[in-house]
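**Student:** If you scroll down you'll find the structure; I have some questions about it.
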Amino acid sequence: MSPLHTITRHHREIRARRPVRHNAGMEFETLEEWAARHARNLNAVRNQLVVQPDFPAPKRPRPRTGSGVPWQEYDTAELDAWLEKWDAAHRPDEVTVPEGTDLDEYRALGAIADLIGRAGKTVTQYRELFDAHAPYEDRGKRRFYRTGDVIDLLNARKGYGRTLSPEHDRRRSATDDH
């Protein structure tokens with residue numbers, strides 16, 4: 001047997017005797033797995049979230065399979081708790097209407113924008129969403145929507161940079177091949 005085989009076998013025996021460290025009750029995942037689970041772009045997570053000062057630190061490297069740099073693993077519960085706080089802090093302000101407003105009344109989007117005290121474009125930019133999920137009536141050249149449904153859809157927004165339907169997101173992502 002060559003000296004190289006002897007050294008390699010010796011290292012395998014040492015590794016086999018080494019205790020496997022498990023943290024009781026903790027689950028680990030890589031940033032890639034976590035981003036996929038939360039429908040986030042991995043590059044956006046790496047470039048915008050990981051650099052935040054309060055982002056959780058990696059707990060351990062994942063054992064490699066082959067060559068390359070091992071992936072860092074994070075505590076799943078810690079990441080989820082951090083994301084919940086992050087989303088809450090970056091969520092758009094809740095849309096409210098004045099007391100006594102009839103939410104069943106059909107109004108044009110511009111009228112709804114005036115009612116909630118916002119610029120018209122902040123409401124009309126969601127026209128496709130309203131068409132798909134809110135009842136409406138066509139009256140000549142204008143389309144009128146049920147006020148309560150529009151308010152509910154505006155309050156369901158996830159925040160800046162998050163789409164309500166990732167499969168229909170027309171924005172380019174960092175992984176697009178364009």
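In the structure tokens, the first chain shown is A, the next is B, and so on; residue numbers restart at 1 for each chain, and ligands run from 1 in the order shown.
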Can you tell me, as a ChimeraX atom specification, what residues are no more than 7 Å from Gln72 (chain A) when counting only C-alpha atoms, ignoring any on the same chain fewer than 2 positions away?
**Tutor:** /A:30,58,60-62,70,74
**Student:** Can you tell me which residues surround Ile151 (chain A) at a distance of at most 10 Å, considering only C-alpha atoms, apart from same-chain residues fewer than 2 positions away, and format the answer as a list of chain:residue names?
**Tutor:**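 The contact residues come out as A:Glu94, A:Val95, A:Thr96, A:Val97, A:Leu103, A:Ile112, A:Ala113, A:Ile116, A:Val123, A:Arg146, A:Thr147, A:Gly148, A:Asp149, A:Leu153, A:Leu154, A:Asn155, A:Ala156.
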**Student:** Go ahead and save the residues from that selection, with C-alpha atoms, as a PDB file, in the first residue's frame.
**Tutor:**
```pdb
ATOM      1  CA  GLU A  94     -52.758  50.073   6.106  1.00  0.00           C
ATOM      2  CA  VAL A  95     -55.376  51.751   3.949  1.00  0.00           C
ATOM      3  CA  THR A  96     -58.347  53.089   5.900  1.00  0.00           C
ATOM      4  CA  VAL A  97     -61.509  54.891   4.882  1.00  0.00           C
ATOM      5  CA  LEU A 103     -67.913  49.828   1.362  1.00  0.00           C
ATOM      6  CA  ILE A 112     -61.341  55.508  -4.213  1.00  0.00           C
ATOM      7  CA  ALA A 113     -57.875  57.107  -4.218  1.00  0.00           C
ATOM      8  CA  ILE A 116     -58.373  57.157   1.120  1.00  0.00           C
ATOM      9  CA  VAL A 123     -54.307  52.892  -6.635  1.00  0.00           C
ATOM     10  CA  ARG A 146     -66.739  47.705  -5.104  1.00  0.00           C
ATOM     11  CA  THR A 147     -64.918  49.951  -2.613  1.00  0.00           C
ATOM     12  CA  GLY A 148     -64.513  47.346   0.146  1.00  0.00           C
ATOM     13  CA  ASP A 149     -62.859  44.859  -2.194  1.00  0.00           C
ATOM     14  CA  LEU A 153     -56.724  44.116  -1.876  1.00  0.00           C
ATOM     15  CA  LEU A 154     -54.655  47.212  -1.085  1.00  0.00           C
ATOM     16  CA  ASN A 155     -54.236  46.014   2.503  1.00  0.00           C
ATOM     17  CA  ALA A 156     -53.129  42.565   1.276  1.00  0.00           C
TER      18      ALA A 156
END
```
**Student:** Using only C-alpha atoms, can you tell me which of A:Phe130, A:Pro98, A:Phe28, A:Pro63 comes closest to Asp114 (chain A)?
**Tutor:** A:Pro98
**Student:** Please determine, counting only C-alpha atoms, which residue among A:Val50, A:Val45, A:Leu31, A:Val150 has the shortest atom-to-atom distance to Trp71 (chain A).
**Tutor:**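 Closest to Trp71 (chain A) of all the choices is A:Leu31.
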**Student:** Between CA of Met26 (chain A) and CA of Gln48 (chain A), measure the distance and give it in Å to one decimal.
**Tutor:** 25.4 Å
**Student:** Using only C-alpha atoms, can you tell me which of A:Glu84, A:Glu73, A:Asp102, A:Asp152 comes closest to Glu27 (chain A)?
**Tutor:**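 For Glu27 (chain A), the nearest of the candidates is A:Glu73.
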**Student:** Smallest atom-to-atom distance to Lys85 (chain A): which of A:Asp54, A:Arg107, A:Glu99, A:Arg118, using only C-alpha atoms?
**Tutor:**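 Selected residue with least distance to Lys85 (chain A): A:Asp54.
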**Student:** Please determine, counting only C-alpha atoms, which residue among A:Lys158, A:Ala44, A:Tyr126, A:Ala108 has the shortest atom-to-atom distance to Asp138 (chain A).
**Tutor:** A:Ala108
**Student:** Rank nothing, just name the residue among A:Ala134, A:Arg127, A:Glu78, A:Leu42 nearest to Pro56 (chain A), using only C-alpha atoms.
**Tutor:**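 Among A:Ala134, A:Arg127, A:Glu78, A:Leu42, it is A:Glu78 that comes nearest to Pro56 (chain A).
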**Student:** If you run DSSP on this backbone, which residues of region 2-158 of chain A come out as strand (DSSP E), and could you give them as a PyMOL selection string?
**Tutor:** chain A and resi 28-29+60-61+72-75+106-107+136-139+142-146
